[in-house]
$ cat coords10.pdb   # PDB, C-alpha atoms
ATOM      1  CA  ARG A  30     -35.905 173.700  76.698
ATOM      2  CA  LEU A  31     -34.495 170.182  77.098
ATOM      3  CA  ARG A  32     -30.920 171.491  77.119
ATOM      4  CA  GLU A  33     -31.735 173.625  80.129
ATOM      5  CA  GLN A  34     -33.997 171.105  81.853
ATOM      6  CA  LEU A  35     -31.454 168.271  81.575
ATOM      7  CA  GLY A  36     -28.336 170.380  82.035
ATOM      8  CA  LEU A  37     -27.002 169.290  78.634
ATOM      9  CA  PRO A  38     -25.989 172.450  76.745
ATOM     10  CA  GLU A  39     -24.792 170.517  73.654
ATOM     11  CA  LEU A  40     -27.958 168.395  73.293
ATOM     12  CA  SER A  41     -29.072 168.298  69.650
ATOM     13  CA  PRO A  42     -31.437 166.246  67.475
ATOM     14  CA  LEU A  43     -29.853 163.779  65.048
ATOM     15  CA  HIS A  44     -32.818 163.575  62.665
ATOM     16  CA  ARG A  45     -36.016 165.444  61.937
ATOM     17  CA  LEU A  46     -39.617 164.692  62.836
ATOM     18  CA  ASP A  47     -42.588 166.809  61.863
ATOM     19  CA  ARG A  48     -43.826 168.790  64.858
ATOM     20  CA  VAL A  49     -47.044 166.759  64.928
ATOM     21  CA  THR A  50     -45.402 163.306  64.629
ATOM     22  CA  SER A  51     -45.184 161.392  67.913
ATOM     23  CA  GLY A  52     -42.623 158.843  69.021
ATOM     24  CA  LEU A  53     -38.876 158.409  68.955
ATOM     25  CA  LEU A  54     -36.451 161.234  68.525
ATOM     26  CA  MET A  55     -32.736 160.488  68.697
ATOM     27  CA  LEU A  56     -30.523 163.130  70.313
ATOM     28  CA  ALA A  57     -26.781 163.556  70.803
ATOM     29  CA  THR A  58     -25.714 164.664  74.265
ATOM     30  CA  GLN A  59     -22.339 166.028  73.141
ATOM     31  CA  ARG A  60     -21.128 167.752  69.983
ATOM     32  CA  ARG A  61     -18.428 165.082  69.411
ATOM     33  CA  TRP A  62     -21.094 162.390  68.859
ATOM     34  CA  ARG A  63     -23.273 164.430  66.511
ATOM     35  CA  GLY A  64     -21.372 163.729  63.260
ATOM     36  CA  PRO A  65     -21.036 159.937  63.516
ATOM     37  CA  TYR A  66     -24.728 159.479  64.346
ATOM     38  CA  GLN A  67     -26.091 162.089  61.923
ATOM     39  CA  SER A  68     -24.177 160.394  59.129
ATOM     40  CA  LEU A  69     -26.163 157.199  59.804
ATOM     41  CA  PHE A  70     -29.361 159.040  58.903
ATOM     42  CA  GLN A  71     -27.785 160.837  55.933
ATOM     43  CA  THR A  72     -26.541 157.581  54.391
ATOM     44  CA  GLY A  73     -29.754 155.626  55.053
ATOM     45  CA  ALA A  74     -28.056 153.289  57.539
ATOM     46  CA  VAL A  75     -30.883 153.636  60.076
ATOM     47  CA  ALA A  76     -33.894 151.338  59.645
ATOM     48  CA  LYS A  77     -36.894 153.492  60.577
ATOM     49  CA  THR A  78     -40.321 152.064  61.300
ATOM     50  CA  TYR A  79     -43.417 154.204  61.667
ATOM     51  CA  ARG A  80     -47.002 153.245  62.350
ATOM     52  CA  ALA A  81     -50.033 155.134  61.105
ATOM     53  CA  LEU A  82     -53.757 154.880  61.573
ATOM     54  CA  ALA A  83     -55.636 155.446  58.319
ATOM     55  CA  PRO A  84     -58.693 154.245  56.414
ATOM     56  CA  VAL A  85     -58.670 150.792  54.844
ATOM     57  CA  ARG A  86     -59.188 150.357  51.118
ATOM     58  CA  ASP A  87     -60.057 146.793  50.204
ATOM     59  CA  ASP A  88     -58.916 147.413  46.622
ATOM     60  CA  LEU A  89     -55.423 148.486  47.720
ATOM     61  CA  ASP A  90     -52.879 145.740  46.993
ATOM     62  CA  LEU A  91     -50.479 145.695  49.962
ATOM     63  CA  PRO A  92     -47.640 145.542  50.723
ATOM     64  CA  VAL A  93     -46.527 148.167  48.234
ATOM     65  CA  VAL A  94     -43.416 150.286  47.785
ATOM     66  CA  VAL A  95     -44.304 153.875  46.924
ATOM     67  CA  ARG A  96     -41.618 155.659  44.903
ATOM     68  CA  ASP A  97     -41.870 159.197  43.634
ATOM     69  CA  HIS A  98     -40.342 162.665  43.690
ATOM     70  CA  LEU A  99     -41.465 165.004  46.475
ATOM     71  CA  VAL A 100     -40.635 168.668  46.951
ATOM     72  CA  LYS A 101     -41.470 170.826  49.962
ATOM     73  CA  ARG A 102     -41.153 174.491  49.057
ATOM     74  CA  ARG A 103     -40.354 177.089  51.695
ATOM     75  CA  GLY A 104     -43.448 179.095  52.600
ATOM     76  CA  THR A 105     -45.970 176.407  51.599
ATOM     77  CA  TRP A 106     -47.817 174.078  53.959
ATOM     78  CA  GLN A 107     -48.000 171.020  51.727
ATOM     79  CA  ALA A 108     -45.327 169.124  49.842
ATOM     80  CA  GLU A 109     -45.791 168.511  46.126
ATOM     81  CA  LEU A 110     -45.488 165.441  43.934
ATOM     82  CA  VAL A 111     -43.344 166.073  40.836
ATOM     83  CA  PRO A 112     -44.400 163.608  38.119
ATOM     84  CA  GLY A 113     -41.606 162.292  35.898
ATOM     85  CA  ALA A 114     -38.772 163.568  38.105
ATOM     86  CA  PRO A 115     -36.159 161.120  39.466
ATOM     87  CA  VAL A 116     -37.280 159.201  42.556
ATOM     88  CA  ASN A 117     -36.209 160.868  45.812
ATOM     89  CA  ALA A 118     -38.793 159.373  48.208
ATOM     90  CA  GLU A 119     -39.433 155.690  48.870
ATOM     91  CA  THR A 120     -41.640 153.970  51.467
ATOM     92  CA  LEU A 121     -42.671 150.365  52.029
ATOM     93  CA  VAL A 122     -46.336 150.366  53.132
ATOM     94  CA  GLU A 123     -47.796 147.313  54.887
ATOM     95  CA  LEU A 124     -51.127 146.734  56.612
ATOM     96  CA  GLU A 125     -50.497 145.157  60.032
ATOM     97  CA  GLY A 126     -54.083 144.931  61.209
ATOM     98  CA  ARG A 127     -57.199 146.861  62.065
ATOM     99  CA  VAL A 128     -58.099 149.166  64.908
ATOM    100  CA  GLY A 129     -61.859 149.590  64.805
ATOM    101  CA  GLU A 130     -62.770 150.885  61.350
ATOM    102  CA  HIS A 131     -59.203 151.933  60.516
ATOM    103  CA  GLY A 132     -56.104 150.115  59.383
ATOM    104  CA  LEU A 133     -52.853 150.030  61.323
ATOM    105  CA  TYR A 134     -50.124 150.586  58.752
ATOM    106  CA  ARG A 135     -46.437 149.820  59.132
ATOM    107  CA  LEU A 136     -44.348 152.322  57.179
ATOM    108  CA  SER A 137     -40.693 151.701  56.414
ATOM    109  CA  PRO A 138     -39.223 154.758  54.708
ATOM    110  CA  ARG A 139     -35.969 154.276  52.832
ATOM    111  CA  THR A 140     -35.592 158.047  52.449
ATOM    112  CA  GLY A 141     -36.539 160.956  54.688
ATOM    113  CA  ARG A 142     -38.291 163.705  52.738
ATOM    114  CA  THR A 143     -40.444 166.276  54.488
ATOM    115  CA  HIS A 144     -44.036 164.960  54.776
ATOM    116  CA  GLN A 145     -43.043 161.801  52.889
ATOM    117  CA  LEU A 146     -45.157 159.349  54.895
ATOM    118  CA  ARG A 147     -48.146 161.659  54.992
ATOM    119  CA  MET A 148     -47.911 162.232  51.214
ATOM    120  CA  HIS A 149     -47.445 158.545  50.427
ATOM    121  CA  LEU A 150     -50.484 157.373  52.380
ATOM    122  CA  ASN A 151     -52.575 160.256  51.070
ATOM    123  CA  GLY A 152     -51.470 159.358  47.539
ATOM    124  CA  LEU A 153     -52.691 155.796  48.113
ATOM    125  CA  GLY A 154     -56.103 157.197  49.056
ATOM    126  CA  VAL A 155     -55.708 156.461  52.768
ATOM    127  CA  PRO A 156     -54.809 159.767  54.472
ATOM    128  CA  ILE A 157     -53.589 159.494  58.063
ATOM    129  CA  VAL A 158     -56.280 160.069  60.686
ATOM    130  CA  ASP A 159     -56.321 163.649  62.033
ATOM    131  CA  ASP A 160     -53.741 164.949  59.565
ATOM    132  CA  PRO A 161     -54.122 168.749  59.528
ATOM    133  CA  LEU A 162     -52.397 169.070  56.115
ATOM    134  CA  TYR A 163     -53.395 166.156  53.891
ATOM    135  CA  PRO A 164     -55.533 165.838  51.900
ATOM    136  CA  GLU A 165     -56.406 169.475  52.673
ATOM    137  CA  VAL A 166     -54.994 172.142  54.955
ATOM    138  CA  LEU A 167     -57.176 172.564  58.044
ATOM    139  CA  ASP A 168     -57.310 175.674  60.201
ATOM    140  CA  VAL A 169     -55.746 174.214  63.354
ATOM    141  CA  ALA A 170     -53.674 176.243  65.817
ATOM    142  CA  ILE A 171     -49.996 175.217  65.923
ATOM    143  CA  ASP A 172     -50.285 174.335  69.632
ATOM    144  CA  ASP A 173     -53.619 172.451  69.376
ATOM    145  CA  PHE A 174     -52.919 168.776  70.062
ATOM    146  CA  SER A 175     -56.518 167.850  70.937
ATOM    147  CA  ARG A 176     -56.695 165.612  67.840
ATOM    148  CA  PRO A 177     -53.138 164.321  67.368
ATOM    149  CA  LEU A 178     -51.900 163.127  63.996
ATOM    150  CA  GLN A 179     -52.047 159.331  64.140
ATOM    151  CA  LEU A 180     -48.453 158.875  63.005
ATOM    152  CA  LEU A 181     -45.880 157.345  65.320
ATOM    153  CA  ALA A 182     -42.109 157.100  64.913
ATOM    154  CA  ALA A 183     -42.101 153.591  66.377
ATOM    155  CA  GLU A 184     -38.598 152.126  65.950
ATOM    156  CA  LEU A 185     -35.022 152.975  65.022
ATOM    157  CA  ALA A 186     -32.399 150.278  64.372
ATOM    158  CA  PHE A 187     -28.757 150.687  63.336
ATOM    159  CA  THR A 188     -25.192 149.569  63.862
ATOM    160  CA  ASP A 189     -23.614 151.919  66.375
ATOM    161  CA  PRO A 190     -20.820 153.887  64.656
ATOM    162  CA  VAL A 191     -18.843 154.170  67.889
ATOM    163  CA  ASP A 192     -18.712 150.590  69.196
ATOM    164  CA  GLY A 193     -20.218 148.491  66.353
ATOM    165  CA  ALA A 194     -23.082 147.147  68.504
ATOM    166  CA  GLU A 195     -26.513 146.544  66.981
ATOM    167  CA  ARG A 196     -28.994 149.031  68.489
ATOM    168  CA  THR A 197     -32.781 149.015  68.381
ATOM    169  CA  PHE A 198     -34.976 151.596  70.087
ATOM    170  CA  THR A 199     -38.749 151.137  70.295
ATOM    171  CA  SER A 200     -41.346 153.692  71.365
ATOM    172  CA  ARG A 201     -43.608 152.820  74.276
ATOM    173  CA  LEU A 202     -46.465 154.729  72.618
ATOM    174  CA  ARG A 203     -49.168 152.905  70.669
ATOM    175  CA  LEU A 204     -51.801 153.988  68.189
ATOM    176  CA  PRO A 205     -54.367 155.414  68.512
ATOM    177  CA  LEU A 206     -52.696 158.280  70.368
TER     178      LEU A 206
END

$ encode --input "coords10.pdb" --output "structure tokens"
Amino acid sequence: RLREQLGLPELSPLHRLDRVTSGLLMLATQRRWRGPYQSLFQTGAVAKTYRALAPVRDDLDLPVVVRDHLVKRRGTWQAELVPGAPVNAETLVELEGRVGEHGLYRLSPRTGRTHQLRMHLNGLGVPIVDDPLYPEVLDVAIDDFSRPLQLLAAELAFTDPVDGAERTFTSRLRLPL
């Protein structure tokens, strides 16, 4: 839709976001730029910052780095934790403040597994507000955004592979959505 609307037939995303995650999405306008920028994400050279609204647990010792092995199997809604397997998912979780009765969490993933942030907060006992999948799958239509997941892709920072400049992009959105 964006390709047609913007008149950019080669427009393509450089990284993935869950359909229900709000915020920044980085796109390449031409095929020739796709490889250099996608490789930044593949090698972990992009510092990604997310924010999430979730319950507060006074007994949770933060900040904490969550490290585990996650698998998302085709045909299933939820990802799975694989105990004892080599670490493939890592997230720094920090509490930035409170919004009403909830905490505003800053999430800094060092990897990019499917549902990683949602699984990590749920695993800490603080599932993200209005998450239709964790801790349990809810019967919500795919196009129902009346109660948006309170997860925001807030910032991307990296060294530009084309000109070497330091780049930081910050979403204008704020939680709660």

$ resolve_selection --input "coords10.pdb" --expression "the PyMOL selection byres ((chain A and resi 56-70) around 8)" --output "ChimeraX atom specification"
/A:37,39-44,54-55,71-75,187,189-191

$ resolve_selection --input "coords10.pdb" --expression "the PyMOL selection byres ((chain A and resi 50) around 7)" --output "list of chain:residue names"
A:Leu46, A:Asp47, A:Arg48, A:Val49, A:Ser51, A:Gly52, A:Leu178, A:Leu180, A:Leu181

$ residues_around --input "coords10.pdb" --residues "stretch 156-167 of chain A" --least-positions-apart "6" --cutoff "6 Å" --atoms "only C-alpha atoms" --output "PDB file with C-alpha atoms, keeping the file's coordinate frame"
ATOM      1  CA  LEU A  82     -53.757 154.880  61.573  1.00  0.00           C
ATOM      2  CA  ALA A  83     -55.636 155.446  58.319  1.00  0.00           C
ATOM      3  CA  LEU A 150     -50.484 157.373  52.380  1.00  0.00           C
ATOM      4  CA  LEU A 178     -51.900 163.127  63.996  1.00  0.00           C
ATOM      5  CA  GLN A 179     -52.047 159.331  64.140  1.00  0.00           C
TER       6      GLN A 179
END

$ atom_distance --input "coords10.pdb" --atom1 "atom CA of A:Gly152" --atom2 "atom CA of A:Leu110"
9.3 Å

$ resolve_selection --input "coords10.pdb" --expression "the PyMOL selection byres ((chain A and resi 143) around 12)" --output "ChimeraX atom specification"
/A:44-48,50,98-103,105-110,117-118,138,140-142,144-149

$ closest_residue --input "coords10.pdb" --among "A:Val116, A:Leu89, A:Ala81, A:Leu35" --to "A:Pro177" --atoms "all atoms listed in the file"
A:Ala81
